[in-house]
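Heads up: the structure comes next, in structure tokens.
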Amino acid sequence: MIDYAKLMTQAAMLRKELGEDSSSPIDIFALAQNIEKLTIVYYPLGDNLSGMCINGQEGNNLIAINSAMTLGRQRFSLGHEFYHLFYDDNMISVCAKKINTGKDIERSADMFASYFLMPDAALVEIAKKLASKHSDQLLTLEDVIRIEQYFGVSHQAAVYRLMHTPYLTDSIGNEYLTIAVRHRAESLGYSSDLYKPLPKNKQYMTYGHYINQAEQLISKGLISYGKYDELLMDAFRSDMVYGDGEEEGDVID
């Protein structure tokens with residue numbers, strides 16, 4: 001059985017541990033890069049997997065995110081993998097594409113991600129305010145889009161979570177799940193980035209502990225520059241070997 005109150009508490013505690021407040025939208029990608037001994041790999045994982053977490057030896061952990069999925073889904077998947085990283089004893093955990101399916105541990109990770117990215121008090125306050133503008137006290141599709149844009153989550157993640165509030169019924173929520181909302185978001189003045197994956201040439205990337213370890217090895221003279229470049233290329237970091245070709249130098253702003 002899923003303990004929603006416990007998941008809500010765990011999400012709030014982890015936000016605090018990582019230096020975030022209890023209600024604001026967060027940059028989960030930046031948070032991940034600051035977790036000690038964590039390597040984050042962005043890679044197209046196919047149509048059925050959204051992410052994976054591997055708890056390695058001596059705290060050397062890895063999270064892989066399906067970079068071919070939309071930005072909103074990548075953010076949610078990273079939150080899902082945070083649950084496995086901090087609260088699941090399994091060595092390897094895999095996140096399916098569809099939210100709120102599978103074993104209790106995977107559904108718990110989904111709810112944790114939802115609470116982590118959309119803290120309950122903040123979400124309910126916004127949902128109540130928007131729903132109060134309508135005679136039936138329910139959220140419209142445009143309201144849902146505003147909420148998912150505010151918290152930076154996928155349409156699917158926002159709808160499933162809002163169906164746990166009094167402001168979106170299951171029947172209406174299931175209808176909203178069938179609607180492609182990218183154009184609606186654009187018509188409301190929002191960027192459509194949340195609903196798109198990165199360009200294919202930017203879907204392969206590694207950050208975090210692996211890169212730092214390569215830097216430590218070369219700075220201490222423990223490996224050759226050739227080996228250093230090889231390590232970076234294995235991590236899809238040709239930009240660090242050859243440059244990204246976009247700028248001639250650093251811009252001071």
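Here's how to read the names in the structure tokens: chain A, B, ... by the order shown, residue numbers from 1 in each chain, ligand numbers from 1 in the order shown.
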- Message: Report as a ChimeraX atom specification all protein, DNA and RNA residues lying within 6 Å of stretch 107-123 of chain A, evaluated on only C-alpha atoms, omitting residues in the same chain fewer than 2 positions from it.
- Response: /A:7-8,11,23,79-80,83,100,104-105,125-126
File dump, residues just selected, C-alpha atoms, as a PDB file, in the first residue's frame:
```
ATOM      1  CA  LEU A   7       5.930  10.376   0.452  1.00  0.00           C
ATOM      2  CA  MET A   8       4.850  13.980   0.933  1.00  0.00           C
ATOM      3  CA  ALA A  11       9.687  15.045  -0.670  1.00  0.00           C
ATOM      4  CA  SER A  23       6.723  25.696  -2.136  1.00  0.00           C
ATOM      5  CA  GLY A  79      12.311  13.425  -9.564  1.00  0.00           C
ATOM      6  CA  HIS A  80      11.167   9.798  -9.846  1.00  0.00           C
ATOM      7  CA  TYR A  83      13.122   8.568  -4.861  1.00  0.00           C
ATOM      8  CA  ASN A 100       1.133   5.785 -12.137  1.00  0.00           C
ATOM      9  CA  ASP A 104       3.872  -0.017  -5.664  1.00  0.00           C
ATOM     10  CA  ILE A 105       7.531   1.041  -5.535  1.00  0.00           C
ATOM     11  CA  GLU A 125      -3.492  27.033  -3.391  1.00  0.00           C
ATOM     12  CA  ILE A 126      -2.970  27.686  -7.102  1.00  0.00           C
TER      13      ILE A 126
END
```
- Message: Can you tell me which residues surround A:Lys196 at a distance of at most 8 Å, considering only C-alpha atoms, apart from same-chain residues fewer than 6 positions away, and format the answer as a PyMOL selection string?
- Response: chain A and resi 69-71
Got time to write the residues from that selection, C-alpha atoms, as a PDB file, in the first residue's frame?
```pdb
ATOM      1  CA  MET A  69      11.269  12.514 -24.130  1.00  0.00           C
ATOM      2  CA  THR A  70       9.894  15.979 -23.533  1.00  0.00           C
ATOM      3  CA  LEU A  71      11.587  18.403 -21.176  1.00  0.00           C
TER       4      LEU A  71
END
```
Please list as a PDB file with C-alpha atoms, in the first residue's frame every residue within 9 Å of A:Ser93, counting only C-alpha atoms and excluding residues in the same chain fewer than 4 positions away.
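Output (out_33.pdb):
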```
ATOM      1  CA  GLY A  51      14.815   6.782 -16.697  1.00  0.00           C
ATOM      2  CA  MET A  52      17.040   4.501 -14.662  1.00  0.00           C
ATOM      3  CA  CYS A  53      18.854   4.688 -11.323  1.00  0.00           C
ATOM      4  CA  ILE A  54      21.911   2.617 -10.399  1.00  0.00           C
ATOM      5  CA  ASN A  55      23.107   2.707  -6.796  1.00  0.00           C
ATOM      6  CA  GLU A  81      14.779   8.608  -9.825  1.00  0.00           C
ATOM      7  CA  HIS A  84      15.051   5.455  -5.877  1.00  0.00           C
ATOM      8  CA  LEU A  85      18.360   7.159  -5.105  1.00  0.00           C
ATOM      9  CA  ASP A  88      14.911   2.694  -2.344  1.00  0.00           C
ATOM     10  CA  GLU A 106       7.260   2.637  -8.984  1.00  0.00           C
TER      11      GLU A 106
END
```
- Test item: residues at most 9 Å from A:Ala32, only C-alpha atoms, excluding those fewer than 5 positions along its chain, as a PyMOL selection string: chain A and resi 27+38-40+78+82+208
- What is the atom CA of A:Ser77-atom CA of A:Val241 distance in Å, reported with one decimal?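 Pair atom CA of A:Ser77 / atom CA of A:Val241 returns 29.0 Å.
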- Name all residues at most 10 Å from A:Tyr210 (count only C-alpha atoms; drop same-chain ones fewer than 3 positions away) and give them as a list in words.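 Counting only the stated atoms, we get Lys37, Leu38, Thr39, Ile40, Val41, Asn60, Asn61, Leu62, Thr206, Tyr207, Gln213, Ala214, Glu215, Gln216, Leu231, Leu232 and Ala235 of chain A.
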- Message: At a cut-off of 7 Å, using only C-alpha atoms, what residues contact stretch 149-163 of chain A? Leave out same-chain residues fewer than 3 positions from it and give the result as a PyMOL selection string.
- Response: chain A and resi 25+72-73+75-76+114+117-118+145-146+167-170+173+177+194
- Task: Enumerate as number ranges by chain all residues of stretch 106-253 of chain A assigned to strand (DSSP E) by DSSP on the backbone, naming them with the chain letters and numbers the document uses.
- Result: A: 205-208
Please produce an output containing C-alpha atoms for each residue in the selection, written as a PDB file, in the first residue's frame.
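File produced: out-v3.pdb:
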```pdb
ATOM      1  CA  MET A 205      25.379  14.313 -22.432  1.00  0.00           C
ATOM      2  CA  THR A 206      26.972  13.421 -19.084  1.00  0.00           C
ATOM      3  CA  TYR A 207      27.305  15.659 -16.031  1.00  0.00           C
ATOM      4  CA  GLY A 208      28.388  15.343 -12.446  1.00  0.00           C
TER       5      GLY A 208
END
```
- Query: Looking at A:Lys133, A:Ile147, A:Gln10, A:Met233, which one is nearest to A:Tyr190, with distances taken over only C-alpha atoms?
  - Reply: A:Ile147
- Note on the structure: note - atom CA of A:Leu141 and atom CA of A:Gln74 are separated by 21.9 Å
- Message: Quick check, in Å to one decimal: how far apart do atom CA of A:Leu14 and atom CA of A:Phe86 lie?
- Response: 8.7 Å
- Task: Give me every alpha helix (DSSP H) residue in stretch 38-107 of chain A, going by DSSP on the backbone, as a list in words.
- Result: Leu71, Gly72, Arg73, Gln74, Arg75, Phe76, Ser77, Leu78, Gly79, His80, Glu81, Phe82, Tyr83, His84, Leu85, Phe86, Tyr87, Asp104, Ile105, Glu106 and Arg107 of chain A
Produce a file of the selected residues containing N, CA and C atoms, as an mmCIF file, in the first residue's frame.
```cif
data_model
loop_
_atom_site.group_PDB
_atom_site.id
_atom_site.type_symbol
_atom_site.label_atom_id
_atom_site.label_comp_id
_atom_site.auth_asym_id
_atom_site.auth_seq_id
_atom_site.Cartn_x
_atom_site.Cartn_y
_atom_site.Cartn_z
ATOM 1 N N LEU A 71 10.895 17.789 -22.310
ATOM 2 C CA LEU A 71 11.587 18.403 -21.176
ATOM 3 C C LEU A 71 10.788 18.225 -19.888
ATOM 4 N N GLY A 72 9.475 18.406 -19.961
ATOM 5 C CA GLY A 72 8.650 18.229 -18.769
ATOM 6 C C GLY A 72 8.725 16.817 -18.235
ATOM 7 N N ARG A 73 8.730 15.837 -19.132
ATOM 8 C CA ARG A 73 8.828 14.449 -18.693
ATOM 9 C C ARG A 73 10.204 14.160 -18.135
ATOM 10 N N GLN A 74 11.259 14.738 -18.692
ATOM 11 C CA GLN A 74 12.606 14.532 -18.163
ATOM 12 C C GLN A 74 12.706 15.045 -16.731
ATOM 13 N N ARG A 75 12.112 16.190 -16.462
ATOM 14 C CA ARG A 75 12.134 16.745 -15.103
ATOM 15 C C ARG A 75 11.405 15.804 -14.140
ATOM 16 N N PHE A 76 10.256 15.293 -14.559
ATOM 17 C CA PHE A 76 9.500 14.381 -13.704
ATOM 18 C C PHE A 76 10.267 13.078 -13.499
ATOM 19 N N SER A 77 10.883 12.572 -14.549
ATOM 20 C CA SER A 77 11.647 11.320 -14.456
ATOM 21 C C SER A 77 12.812 11.470 -13.489
ATOM 22 N N LEU A 78 13.451 12.628 -13.503
ATOM 23 C CA LEU A 78 14.559 12.860 -12.577
ATOM 24 C C LEU A 78 14.057 12.861 -11.135
ATOM 25 N N GLY A 79 12.907 13.474 -10.902
ATOM 26 C CA GLY A 79 12.311 13.425 -9.564
ATOM 27 C C GLY A 79 11.973 12.001 -9.153
ATOM 28 N N HIS A 80 11.452 11.216 -10.083
ATOM 29 C CA HIS A 80 11.167 9.798 -9.846
ATOM 30 C C HIS A 80 12.435 9.057 -9.434
ATOM 31 N N GLU A 81 13.531 9.301 -10.134
ATOM 32 C CA GLU A 81 14.779 8.608 -9.825
ATOM 33 C C GLU A 81 15.383 9.102 -8.507
ATOM 34 N N PHE A 82 15.094 10.327 -8.101
ATOM 35 C CA PHE A 82 15.526 10.798 -6.783
ATOM 36 C C PHE A 82 14.959 9.896 -5.684
ATOM 37 N N TYR A 83 13.724 9.453 -5.865
ATOM 38 C CA TYR A 83 13.122 8.568 -4.861
ATOM 39 C C TYR A 83 13.925 7.274 -4.760
ATOM 40 N N HIS A 84 14.267 6.687 -5.893
ATOM 41 C CA HIS A 84 15.051 5.455 -5.877
ATOM 42 C C HIS A 84 16.443 5.702 -5.288
ATOM 43 N N LEU A 85 17.015 6.850 -5.596
ATOM 44 C CA LEU A 85 18.360 7.159 -5.105
ATOM 45 C C LEU A 85 18.400 7.306 -3.588
ATOM 46 N N PHE A 86 17.421 7.981 -3.030
ATOM 47 C CA PHE A 86 17.461 8.308 -1.604
ATOM 48 C C PHE A 86 16.624 7.385 -0.717
ATOM 49 N N TYR A 87 15.607 6.717 -1.268
ATOM 50 C CA TYR A 87 14.674 5.981 -0.415
ATOM 51 C C TYR A 87 14.425 4.538 -0.836
ATOM 52 N N ASP A 104 4.042 -1.101 -6.637
ATOM 53 C CA ASP A 104 3.872 -0.017 -5.664
ATOM 54 C C ASP A 104 5.114 0.857 -5.562
ATOM 55 N N ILE A 105 6.305 0.263 -5.675
ATOM 56 C CA ILE A 105 7.531 1.041 -5.535
ATOM 57 C C ILE A 105 7.646 2.067 -6.662
ATOM 58 N N GLU A 106 7.207 1.701 -7.859
ATOM 59 C CA GLU A 106 7.260 2.637 -8.984
ATOM 60 C C GLU A 106 6.167 3.695 -8.880
ATOM 61 N N ARG A 107 5.013 3.323 -8.434
ATOM 62 C CA ARG A 107 3.937 4.298 -8.232
ATOM 63 C C ARG A 107 4.282 5.242 -7.091
#
```
- Query: Nearest to A:Pro166: which of A:Asn48, A:Ser187, A:Ser24, A:Gln137 is it, counting only C-alpha atoms?
  - Reply: A:Gln137
